[in-house]
Amino acid sequence: MAVKTILPFGPQHPVLPEPIQLRITLEDENIGQVLPALGYVHRGIEKAGENNDYPLNVFLVERICGICSATHGLAYCLAVERLLGIEPPPRANYLRVVWAELHRLHSHLLWWGLLADAFGFESLFMQIWRVREMVMDVLEKTAGNRVIISVNAIGGVRRDLSEEQISEMLHTLEECEKQLYALLPVMLNDYTVKKRTAGKGVLTSEQALRLGVVGPTLRASGVAQDLRMTGYAAYGELGFEPIVEQGGDCYARAVVRARECFQTIELVRRALQQLPDGDILTKPRGNPNGKAIVRVEAPRGELMYFVVGNGTKNLERMRVRTPTLANVPALLEMLPGAEFADIPVITLSIDPCISCTER
Amino acid sequence: MGEAHGPHLELPDIDNVQLVQQEQLLQHVAHFAAQGMRFITITCIDNGEQFEVYYHFDHDMKLNHLLLVIGKKEVLPSITPIYFCAFVAENEMKDLFGVRVDGLNVDYQGRMLVSDELPSPPMRKSSDSAVRRNGDGS
Amino acid sequence: MKLIDRARMKSPWVLHYNSGSCNGCDIEIFACMTPMYDLERFGIVNVGNPKHADVLLVTGPVTYRGARVLRNLYEQMPSPKAVVAVGTCACSGGVFRNCYNCIGGVDKVIPVDVYVPGCAAKPEAIIEGVLMAVERMSEHTPLKRGK
């Protein structure tokens with residue numbers, strides 16, 4: 001007879017770098033119902049965004065999530081620029097793409113490392129993070145900080161790239177690509193990786209759309225939706241094509257992220273080659289008024305900013321819908337029926353970012 | 001972002017907003033669900049007297065919105081019977097604004113994000129909270 | 001006693017808790033464990049069990065719900081123990097100091113031995129911080145300040 005146990009998973013758990021609690025009802029080794037308990041990282045950033053001056057909010061929203069901070073800054077700046085009716089110079093648009101894509105690269109490599117760590121493949125974890133350090137070095141050299149690079153400003157970017165920096169960046173990316181290619185057979189074909197991820201946490205495309213899933217998790221279920229296709233910043237001029245896999249399981253999600261690493265490198269390369277000359281900042285004037293919604297593709301999926309201005313230097317409302325918030329309901333459908341030992345892998349497969357989720 | 005250069009005379013606003021009545025909300029949402037739209041989120045704006053509740057949906061990367069204006073004491077029907085995933089957004093709205101939502105499938109009783117130390121819904125505006133702190137980068 | 005002290009200095013085990021941080025510092029703590037920075041060359045091991053740990057690394061401005069977990073973890077750790085506040089938020093609350101759900105600064109909840117500033121704190125700084133915490137533990141300084 002099956003024994004029912006209710007097990008709390010988290011908030012402090014070795015495989016979870018972040019505090020989230022999953023209350024799991026177990027029937028022997030099989031998962032029954034799952035309920036998330038949130039609120040360990042809720043700080044109240046949406047409220048703080050109403051109290052700050054609107055240019056200072058850039059620094060606040062970048063700290064919603066350290067891993068995708070460049071994308072948060074970009075989305076907020078695009079929204080406020082629309083309210084102010086200003087357009088950033090073309091060079092700034094390309095530079096925004098460069099840094100946003102570098103951030104995506106480091107985020108995907110980070111996720112791959114954590115995934116390898118979650119199923120005990122320590123050497124793959126170390127190898128991937130070694131490659132990731134090259135990206136971090138590039139970020140530090142060009143933006144002055146490793147994680148929170150703070151390059152976006154309202155009306156453009158705060159830093160420019162010199163010719164030497166561009167050639168060095170291209171060189172490092174080439175080296176990075178080479179080393180990733182060497183790791184690719186292990187990442188995609190290794191017995192351990194396949195055994196732990198293939199067929200786990202399957203989500204069909206209908207399920208994914210019904211549950212509101214976004215980002216690589218959605219694309220791994222065969223739905224070609226990527227906000228970069230809408231061509232914000234300079235993406236429209238870079239010939240972007242979304243990466244789609246049909247499997248819908250943890251392995252497909254891993255493949256999507258692995259392929260996106262290479263795509264990202266290619267996008268940065270194209271952006272640097274086509275980089276136009278000129279200014280990098282249009283001075284913002286006046287105060288934001290009206291309503292604007294901006295959606296961009298963060299490493300984890302669709303990120304939405306809904307900004308309401310009221311003609312003063314403070315915003316009336318700043319609503320942030322982060323990708324993980326949309327992916328958590330899918331967990332509640334993927335986990336039931338799985339085995340207890342697969343919880344870390346399935347949970348990680350949506351690339352959870354709890355500080356995004358709770359803000 | 002194909003916005004024209006030059007001065008903007010009109011206030012930027014969001015397109016594709018459909019103002020709905022409270023009774024018709026579930027009908028509209030069910031209609032959206034039948035078209036295979038992806039639910040994005042719910043935004044609640046407290047304009048002082050009333051709540052403006054925006055429901056955001058995505059259809060082939062195009063946004064569709066439903067707007068509902070309700071009084072602060074009114075009860076909002078939950079859309080979770082149609083979109084299961086809306087429970088996160090609805091609970092969040094309940095937590096932060098104290099909007100009363102009826103028929104939630106997973107109800108955290110207004111304690112999903114905020115903890116017991118905070119007495120009132122933190123984002124709800126009352127008449128005396130109109131005094132803002134001066135933004136000093138905090 | 002001397003022998004145990006020396007053993008502890010050679011291999012301090014760290015426990016990491018995120019009490020409301022933006023993840024920036026957390027991934028830098030992870031980066032410390034990887035080949036580039038390699039905390040393990042000092043014998044430092046990241047553990048998941050508070051009863052195994054000597055040093056507690058805390059990131060983030062403390063949220064109300066996180067504070068309960070943090071206090072609980074701190075009390076479970078055996079003495080002598082040291083606490084390192086990693087990142088500006090953990091030191092003072094940082095950009096979140098006026099947010100309604102933040103207490104602001106780890107030292108408002110548990111005693112802190114070493115403050116590592118930076119947003120996000122760099123891996124080099126985190127390593128330095130952990131080593132300073134270990135030194136403090138071996139100096140027999142009273143670790144429980146205040147109460």
# chains A, B, ... in the order shown; residues from 1 in each chain; ligands from 1
>>> select_by_dssp(residues="region 167-224 of chain A", states="helix (DSSP H, G or I)", output="compact mmCIF listing (two decimals) with C-alpha atoms, in the first residue's frame")
# COMPACT_ATOMS: atom_id res chain seq x y z
CA SER A 167 38.58 42.91 -31.64
CA GLU A 168 39.33 41.44 -28.23
CA MET A 169 35.68 40.56 -27.73
CA LEU A 170 35.55 38.83 -31.10
CA HIS A 171 38.71 36.94 -30.32
CA THR A 172 37.43 35.76 -26.92
CA LEU A 173 34.11 34.70 -28.39
CA GLU A 174 35.88 32.66 -31.02
CA GLU A 175 37.90 30.89 -28.32
CA CYS A 176 34.75 30.42 -26.26
CA GLU A 177 32.92 28.93 -29.24
CA LYS A 178 35.80 26.57 -29.92
CA GLN A 179 35.85 25.30 -26.35
CA LEU A 180 32.08 24.93 -26.30
CA TYR A 181 32.21 22.89 -29.50
CA ALA A 182 34.65 20.58 -27.77
CA LEU A 183 32.19 20.16 -24.89
CA LEU A 184 29.12 19.81 -27.09
CA PRO A 185 29.36 16.03 -27.63
CA VAL A 186 29.39 15.55 -23.87
CA MET A 187 26.55 17.99 -23.32
CA LEU A 188 24.27 16.43 -25.91
CA ASN A 189 25.27 12.79 -26.32
CA TYR A 191 24.94 8.66 -21.46
CA THR A 192 24.54 10.34 -18.04
CA VAL A 193 23.01 13.50 -19.46
CA LYS A 194 20.56 11.60 -21.63
CA LYS A 195 19.67 9.13 -18.92
CA ARG A 196 18.79 11.88 -16.46
CA THR A 197 17.01 14.29 -18.80
CA SER A 205 2.92 22.21 -27.14
CA GLU A 206 -0.81 22.42 -26.25
CA GLN A 207 0.00 22.03 -22.56
CA ALA A 208 2.76 24.61 -22.79
CA LEU A 209 0.52 27.22 -24.39
CA ARG A 210 -2.33 26.52 -22.00
CA GLY A 215 11.18 31.11 -23.28
CA PRO A 216 13.39 28.08 -23.92
CA THR A 217 10.86 25.90 -22.08
CA LEU A 218 8.18 26.88 -24.62
CA ARG A 219 10.50 26.56 -27.59
>>> select_by_dssp(residues="region 11-146 of chain C", states="strand (DSSP E or B)", output="ChimeraX atom specification")
/C:13-18,45-47,55-59,63,82-86,102,114-116
>>> interface_residues(of="chain A", to="chain C", cutoff="8 Å", atoms="only C-alpha atoms", output="ChimeraX atom specification")
/A:12-14,17-19,39-45,47-48,60,63-67,126,129-130,133,146-148,355-356
>>> write_last_selection(atoms="C-alpha atoms", output="short mmCIF file (atom, residue, chain, number, x, y, z; two decimals), in the first residue's frame")
data_model
loop_
_atom_site.label_atom_id
_atom_site.label_comp_id
_atom_site.auth_asym_id
_atom_site.auth_seq_id
_atom_site.Cartn_x
_atom_site.Cartn_y
_atom_site.Cartn_z
CA GLN A 12 17.46 25.97 1.89
CA HIS A 13 18.51 23.01 -0.19
CA PRO A 14 21.90 22.02 -1.65
CA PRO A 17 20.79 28.17 -5.05
CA GLU A 18 17.68 30.11 -4.19
CA PRO A 19 14.99 29.85 -1.58
CA GLY A 39 7.76 34.84 -0.48
CA TYR A 40 11.30 34.21 0.76
CA VAL A 41 12.78 36.71 -1.67
CA HIS A 42 9.92 39.15 -2.07
CA ARG A 43 11.32 42.64 -1.55
CA GLY A 44 8.68 44.91 -3.02
CA ILE A 45 10.50 46.30 -6.04
CA LYS A 47 6.49 49.60 -5.02
CA ALA A 48 10.04 50.92 -4.76
CA LEU A 60 16.78 49.22 -9.24
CA ARG A 63 18.77 44.29 -9.30
CA ILE A 64 15.50 42.42 -9.73
CA CYS A 65 17.66 39.63 -11.02
CA GLY A 66 21.42 39.64 -11.21
CA ILE A 67 21.60 36.93 -13.86
CA MET A 126 33.48 22.67 -13.86
CA TRP A 129 31.88 27.26 -15.77
CA ARG A 130 35.47 27.52 -16.95
CA GLU A 133 34.54 32.73 -16.92
CA ARG A 146 31.09 41.06 -13.78
CA VAL A 147 27.46 40.39 -13.05
CA ILE A 148 25.44 43.59 -12.86
CA SER A 355 14.37 36.61 -7.18
CA CYS A 356 12.79 37.43 -10.55
#
>>> closest_atom_pairs(of="chain A", to="chain B", cutoff="8 Å", atoms="only C-alpha atoms", output="tab-separated table")
residue	atom	partner	partner_atom	distance
A:Ala37	CA	B:Met112	CA	7.0
A:Leu38	CA	B:Leu113	CA	5.9
A:Gly39	CA	B:Leu113	CA	3.9
A:Tyr40	CA	B:Leu113	CA	7.6
A:His42	CA	B:Leu113	CA	6.0
A:Lys47	CA	B:Met123	CA	6.3
A:Ala48	CA	B:Ser138	CA	7.9
A:Asn51	CA	B:Gly135	CA	5.7
A:Asn52	CA	B:Gly135	CA	4.2
A:Asp53	CA	B:Gly135	CA	5.2
A:Leu56	CA	B:Gly137	CA	5.9
A:Asn57	CA	B:Gly137	CA	7.9
A:Arg82	CA	B:Pro12	CA	7.1
A:Leu83	CA	B:Pro12	CA	5.9
A:Gly85	CA	B:His8	CA	5.9
A:Ile86	CA	B:His5	CA	7.4
A:Glu87	CA	B:His5	CA	6.9
A:Leu209	CA	B:Arg38	CA	5.5
A:Arg210	CA	B:Arg38	CA	6.3
A:Leu211	CA	B:Cys85	CA	5.4
A:Gly212	CA	B:Arg38	CA	5.2
A:Gln225	CA	B:Met61	CA	7.1
A:Leu227	CA	B:Met61	CA	7.3
A:Thr230	CA	B:Met61	CA	7.9
A:Gly231	CA	B:Met1	CA	7.2
A:Tyr232	CA	B:Met1	CA	5.5
A:Ala233	CA	B:Met1	CA	7.5
A:Asn289	CA	B:Leu11	CA	6.8
A:Gly290	CA	B:Pro12	CA	5.4
A:Lys291	CA	B:Asp13	CA	4.7
A:Ala292	CA	B:Asp13	CA	5.8
A:Ile293	CA	B:Ile14	CA	6.7
A:Asn314	CA	B:Gly135	CA	7.8
A:Arg317	CA	B:Ile45	CA	6.9
A:Arg319	CA	B:Thr43	CA	6.7
A:Arg321	CA	B:Thr41	CA	6.9
A:Leu325	CA	B:Val88	CA	7.4
A:Ala326	CA	B:Ile40	CA	7.3
A:Pro329	CA	B:Cys85	CA	5.3
A:Ala330	CA	B:Cys85	CA	7.8
A:Glu358	CA	B:Leu113	CA	7.0
>>> closest_residue(among="C:Pro78, C:Trp13, C:Val55, C:Thr88", to="Asp113 (chain C)", atoms="only C-alpha atoms")
C:Val55
>>> atom_distance(atom1="CA of Ile343 (chain A)", atom2="CA of Gly32 (chain A)")
12.0 Å
>>> closest_residue(among="B:Leu104, B:Leu118, B:Val75, B:Leu68", to="chain C", atoms="only C-alpha atoms")
B:Leu118
>>> atom_distance(atom1="CA of Ile110 (chain C)", atom2="CA of Arg71 (chain C)")
6.7 Å
>>> atom_distance(atom1="CA of Gly104 (chain C)", atom2="CA of Ala143 (chain A)")
28.0 Å
>>> closest_residue(among="A:Lys313, A:Arg259, A:Arg91, A:Arg104", to="Ser69 (chain A)", atoms="only C-alpha atoms")
A:Arg104
>>> residues_around(residues="Leu109 (chain A)", least_positions_apart="2", cutoff="9 Å", atoms="only C-alpha atoms", output="number ranges by chain")
A: 104-107, 111-114, 128-129, 131-132, 257-258, 261
>>> write_last_selection(atoms="N, CA and C atoms", output="PDB file, in the first residue's frame")
ATOM      1  N   ARG A 104      22.946  36.698 -22.005  1.00  0.00           N
ATOM      2  CA  ARG A 104      22.227  35.446 -22.259  1.00  0.00           C
ATOM      3  C   ARG A 104      23.212  34.283 -22.307  1.00  0.00           C
ATOM      4  N   LEU A 105      24.362  34.516 -22.927  1.00  0.00           N
ATOM      5  CA  LEU A 105      25.363  33.459 -23.031  1.00  0.00           C
ATOM      6  C   LEU A 105      25.817  33.027 -21.634  1.00  0.00           C
ATOM      7  N   HIS A 106      26.109  33.995 -20.777  1.00  0.00           N
ATOM      8  CA  HIS A 106      26.600  33.600 -19.447  1.00  0.00           C
ATOM      9  C   HIS A 106      25.497  32.938 -18.657  1.00  0.00           C
ATOM     10  N   SER A 107      24.245  33.374 -18.869  1.00  0.00           N
ATOM     11  CA  SER A 107      23.126  32.779 -18.145  1.00  0.00           C
ATOM     12  C   SER A 107      22.893  31.332 -18.588  1.00  0.00           C
ATOM     13  N   TRP A 111      23.302  27.961 -16.386  1.00  0.00           N
ATOM     14  CA  TRP A 111      22.242  26.974 -16.222  1.00  0.00           C
ATOM     15  C   TRP A 111      22.753  25.584 -16.552  1.00  0.00           C
ATOM     16  N   TRP A 112      23.537  25.489 -17.630  1.00  0.00           N
ATOM     17  CA  TRP A 112      24.068  24.180 -18.009  1.00  0.00           C
ATOM     18  C   TRP A 112      24.941  23.614 -16.901  1.00  0.00           C
ATOM     19  N   GLY A 113      25.740  24.462 -16.294  1.00  0.00           N
ATOM     20  CA  GLY A 113      26.591  24.014 -15.193  1.00  0.00           C
ATOM     21  C   GLY A 113      25.766  23.519 -14.027  1.00  0.00           C
ATOM     22  N   LEU A 114      24.726  24.294 -13.678  1.00  0.00           N
ATOM     23  CA  LEU A 114      23.887  23.892 -12.553  1.00  0.00           C
ATOM     24  C   LEU A 114      23.162  22.592 -12.850  1.00  0.00           C
ATOM     25  N   ILE A 128      32.111  23.693 -17.948  1.00  0.00           N
ATOM     26  CA  ILE A 128      31.241  24.725 -18.509  1.00  0.00           C
ATOM     27  C   ILE A 128      31.474  26.055 -17.809  1.00  0.00           C
ATOM     28  N   TRP A 129      31.653  25.997 -16.498  1.00  0.00           N
ATOM     29  CA  TRP A 129      31.884  27.256 -15.775  1.00  0.00           C
ATOM     30  C   TRP A 129      33.252  27.839 -16.089  1.00  0.00           C
ATOM     31  N   VAL A 131      34.451  27.840 -19.135  1.00  0.00           N
ATOM     32  CA  VAL A 131      34.169  28.591 -20.363  1.00  0.00           C
ATOM     33  C   VAL A 131      33.423  29.880 -20.012  1.00  0.00           C
ATOM     34  N   ARG A 132      32.507  29.760 -19.055  1.00  0.00           N
ATOM     35  CA  ARG A 132      31.706  30.920 -18.674  1.00  0.00           C
ATOM     36  C   ARG A 132      32.582  32.052 -18.146  1.00  0.00           C
ATOM     37  N   ARG A 257      18.897  25.334 -25.073  1.00  0.00           N
ATOM     38  CA  ARG A 257      19.820  26.293 -24.450  1.00  0.00           C
ATOM     39  C   ARG A 257      21.234  26.128 -24.996  1.00  0.00           C
ATOM     40  N   ALA A 258      21.618  24.878 -25.272  1.00  0.00           N
ATOM     41  CA  ALA A 258      22.956  24.673 -25.834  1.00  0.00           C
ATOM     42  C   ALA A 258      23.058  25.311 -27.210  1.00  0.00           C
ATOM     43  N   CYS A 261      23.332  29.068 -27.144  1.00  0.00           N
ATOM     44  CA  CYS A 261      24.661  29.600 -26.814  1.00  0.00           C
ATOM     45  C   CYS A 261      25.400  29.959 -28.103  1.00  0.00           C
TER      46      CYS A 261
END
>>> closest_residue(among="C:Gly94, C:Tyr115, C:Leu131, C:Ala125", to="chain B", atoms="only C-alpha atoms")
C:Gly94
>>> residues_around(residues="Gln27 (chain B)", least_positions_apart="3", cutoff="12 Å", atoms="only C-alpha atoms", output="list of chain:residue names")
B:Val20, B:Gln21, B:Gln22, B:Glu23, B:Gln24, B:Ala30, B:His31, B:Phe32, B:Ala33, B:Ala34, B:Leu66, B:Pro77, B:Ser78, B:Ile79, B:Pro81, B:Ile82
